[in-house]
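As structure tokens, the structure follows; a few thoughts come after it.
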Amino acid sequence: MKRVSSHVSIASEAEINLDLSRLLIDKPRFTLERKRSFDEQSWSELSHRPNDGFDSVMHSPAFPTGLDSPFSMGTHFGEPSGPHPLVNEAWEALRKSVVYFRGQPVGTIAAVDHASEEVLNYDQVFVRDFVPSALAFLMNNEPEIVKNFLLKTLHLQSSEKMVDRFKLGAGAMPASFKVDRNKSRNTETLVADFGESAIGRVAPVDSGFWWIILLRAYTKYTGDVSLSESPDCQKCMRLILNLCLSEGFDTFPTLLCTDGCSMIDRRMGIYGYPIEIQALFYMALRCALQMLKPDGEGKEFIEKIGQRLHALTYHMRNYFWLDFPHLNNIYRYKTEEYSHTAVNKFNVIPDSIPDWVFDFMPCRGGYFLGNVSPAMMDFRWFALGNCIAIISSLATPEQSSAIMDLIEERWDELVGEMPLKISYPAIENHEWRIITGCDPKNTRWSYHNGGSWPVLLWLLTAACIKTGRPQMAKRAIELSEARLLKDGWPEYYDGKLGRFIGKQARKFQTWSIAGYLVARMMLEDPSTLMMISMEEDRPVKPTMRRSASWNA
Ligand code: GLC
């Protein structure tokens, strides 16, 4: 195994073959204190977990902030040619999006598009949108804005949440918030939206999960455990988890959701058990497990999480996974089976398999289905859920490789000219009418319906690095670089190949800018992946002992 320096040149063949997981252990840029990784423990050990805090916390000697820090100067994949012009432009645009509350930076606005007539809620700080901004700031040694954001949203959690006369659960986290300025009184207040103002009145199920994931990223990167260990953060996590771990009528460990409750925040036929939410749920559970203190109420949650993860992992890896042999099995399914011996457990009717999937499914590769519920399999491919499945190790190493194989095999369909398709394929005609409710924003190959979203570049890059395929990320980043600045950092692109700036896409969309920066920084220093990725869970093999009777 060859040692590499922090700036990995990914152009050469030899480096393509690097084992990046080793690289992550070497952690070149920071002094590393590595206790036994909690990630390396298995669920079965959970109930005996010592409170050992964080495994591989990076201790940065001192945080230089801002412009002189390593990444804001921008290098071109470690090449001596100097900073790529886009990096400096992107940092400048990202800084313009920062929102201040009582003098402190607390987040980034969704889009700084002065040309757009309709502001809608793009002038707000969205929780999900802030994640790539937060990662960029952390990587640039500017953790303050991230800490402020985590604390402000935590306090917003306790505000009253009413949709008409119905009160939302205490754990719900806002989709977005804004700073309300009263000029005459010279006061500033934060106003949150939990779904009561959102189009469609849907609460964001993903916000709480992203909050937990971000808290872990902050803790991992800064080494500052005082925030996650504070009573407020512990309580916030418990409240979020309480919403998802409470008992009900469920027969599956997956989380039942309504349409529009995540990044795809409009009706798109993802109600049920959407992959995006299941993957984020899994990742948030694992992150929470690392941060919850095993005292009092925390202990109870740790146990519940362990049980849920056990069941969720099994369910997802078995029932959501699709590759060529699985597809063939489903194609040959018998229906109306009863009892425990049923093979076709959810009674999926083979006639409901859409034609496109037979052509789309390569011999090499696979992916997690969009949704699985009784007599219903959504065969669409969704980018976010599949990338998070890799990053969080919800996917086994074999499944992770297969997902990347599929992206390679179906590059034109999924990446095309602008990474990355949010979903594939688009729904059209009658199906579009029924599924979207005739949504004019979600016409075929546009927006959430097969549109291409530059923000997804960071997730693709993280997945590429995790699976040891940086050359794929490099290709995708170069595609983005050819268009993003020139086009004014659009929110999304339209068309089968993602060639057209989206019909109603905002310009200077913050997460398009931040997503690009994070992708580039991760590729330049793959050790930064550790703040967002989880290691594989290795179940402990029971120790084999000879029974007493053996010798007798
Ligand atoms: C759109 C996206 C949503 C995003 C919001 C703000 O509604 O669908 O995911 O959070 O814009 O950018």
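Every chain in the structure tokens takes a letter, A first, then B, and so on in the order presented; its residues are numbered from 1, and the ligands are numbered from 1 following the presented order.
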
Write out as a PyMOL selection string each polymer residue (protein, DNA or RNA) that has an atom no more than 9 Å from ligand 1, with only C-alpha atoms and all ligand atoms counted.
chain A and resi 109-111+121-130+175-176+199+260+262-266+447-448+491+506+509-511

Give me the residues of segment 454-518 of chain A that have any atom at most 9 Å from an atom of segment 376-389 of chain A; for each, the nearest atom pair and the distance in Å, rounded to one decimal. Use only C-alpha atoms, sort by chain and number, and format it as a Markdown table.
| residue | atom | partner | partner_atom | distance |
| --- | --- | --- | --- | --- |
| A:Leu456 | CA | A:Leu384 | CA | 7.1 |
| A:Leu459 | CA | A:Cys387 | CA | 5.9 |
| A:Leu460 | CA | A:Cys387 | CA | 6.2 |
| A:Ala462 | CA | A:Cys387 | CA | 7.9 |
| A:Ala463 | CA | A:Cys387 | CA | 5.7 |

Written selection (N, CA and C atoms) as a PDB file, in the first residue's frame:
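Written file, part_18.pdb:
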ATOM      1  N   LEU A 456     -26.167  17.750  -6.131  1.00  0.00           N
ATOM      2  CA  LEU A 456     -25.934  16.326  -5.881  1.00  0.00           C
ATOM      3  C   LEU A 456     -24.497  15.911  -6.187  1.00  0.00           C
ATOM      4  N   LEU A 459     -22.554  14.714  -3.173  1.00  0.00           N
ATOM      5  CA  LEU A 459     -22.913  13.373  -2.709  1.00  0.00           C
ATOM      6  C   LEU A 459     -22.314  12.311  -3.624  1.00  0.00           C
ATOM      7  N   LEU A 460     -22.328  12.594  -4.922  1.00  0.00           N
ATOM      8  CA  LEU A 460     -21.718  11.669  -5.872  1.00  0.00           C
ATOM      9  C   LEU A 460     -20.218  11.556  -5.596  1.00  0.00           C
ATOM     10  N   ALA A 462     -18.606  12.124  -2.798  1.00  0.00           N
ATOM     11  CA  ALA A 462     -18.363  11.390  -1.550  1.00  0.00           C
ATOM     12  C   ALA A 462     -18.512   9.885  -1.792  1.00  0.00           C
ATOM     13  N   ALA A 463     -19.538   9.508  -2.568  1.00  0.00           N
ATOM     14  CA  ALA A 463     -19.754   8.082  -2.859  1.00  0.00           C
ATOM     15  C   ALA A 463     -18.590   7.525  -3.694  1.00  0.00           C
TER      16      ALA A 463
END

Nearby residues (only C-alpha atoms) at most 10 Å from segment 238-241 of chain A, same-chain spacing under 6 positions excluded, as a count of residues only
26

Straight-line distance linking atom CA of Ala136 of chain A with atom CA of Met521 of chain A, stated in Å to one decimal:
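If I compute the distance from atom CA of Ala136 of chain A to atom CA of Met521 of chain A, I get 8.0 Å.
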
As a count of residues only, please: all residues of segment 333-432 of chain A that backbone DSSP puts in alpha helix (DSSP H).
36

Separation of atom CA of Arg444 of chain A and atom CA of Asp487 of chain A, in Å?
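Computed distance, atom CA of Arg444 of chain A to atom CA of Asp487 of chain A, equals 21.6 Å.
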
Between A:Ser533, A:Ser159, A:Ser512, A:Asn148, which one has atoms that come closest to Glu481 of chain A, using only C-alpha atoms?
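Checking each of A:Ser533, A:Ser159, A:Ser512, A:Asn148 against Glu481 of chain A, counting only C-alpha atoms, the winner is A:Ser512.
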
If we count only C-alpha atoms and set the cut-off at 9 Å, which residues sit around Pro419 of chain A, ignoring sequence neighbours fewer than 3 positions away in its own chain? Please answer as a PyMOL selection string.
chain A and resi 414-416+452-457+460+476-477+479-480+498

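The spacing separating atom CA of Ser401 of chain A from atom CA of Ile422 of chain A amounts to 19.7 Å.
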
Find, counting only C-alpha atoms, the residue in A:Lys235, A:Lys345, A:Lys503, A:Arg410 that gets nearest to Pro362 of chain A.
A:Arg410

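Using only C-alpha atoms for every distance, the candidate list A:Tyr367, A:Trp411, A:Trp432, A:Tyr282 yields A:Tyr282 as the residue closest to Trp210 of chain A.
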
As a list in words, which residues of segment 317-366 of chain A does DSSP assign to strand (DSSP E)?
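Of segment 317-366 of chain A, the ones in strand (DSSP E) are Trp321, Leu322, Asp323 and Gly366 of chain A.
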
Using N, CA, C and O atoms, can you export the residues from the last selection as a PDB file, in the first residue's frame?
ATOM      1  N   TRP A 321     -33.210  -3.794  -2.488  1.00  0.00           N
ATOM      2  CA  TRP A 321     -32.098  -3.972  -3.421  1.00  0.00           C
ATOM      3  C   TRP A 321     -32.565  -4.574  -4.747  1.00  0.00           C
ATOM      4  O   TRP A 321     -33.346  -5.508  -4.767  1.00  0.00           O
ATOM      5  N   LEU A 322     -32.102  -3.999  -5.833  1.00  0.00           N
ATOM      6  CA  LEU A 322     -32.443  -4.517  -7.158  1.00  0.00           C
ATOM      7  C   LEU A 322     -31.196  -4.614  -8.020  1.00  0.00           C
ATOM      8  O   LEU A 322     -30.460  -3.633  -8.173  1.00  0.00           O
ATOM      9  N   ASP A 323     -30.962  -5.797  -8.543  1.00  0.00           N
ATOM     10  CA  ASP A 323     -29.929  -5.968  -9.566  1.00  0.00           C
ATOM     11  C   ASP A 323     -30.489  -6.955 -10.591  1.00  0.00           C
ATOM     12  O   ASP A 323     -31.664  -7.345 -10.494  1.00  0.00           O
ATOM     13  N   GLY A 366     -26.347  -2.412  -9.713  1.00  0.00           N
ATOM     14  CA  GLY A 366     -27.625  -2.511  -9.026  1.00  0.00           C
ATOM     15  C   GLY A 366     -27.909  -1.216  -8.289  1.00  0.00           C
ATOM     16  O   GLY A 366     -27.089  -0.295  -8.315  1.00  0.00           O
TER      17      GLY A 366
END
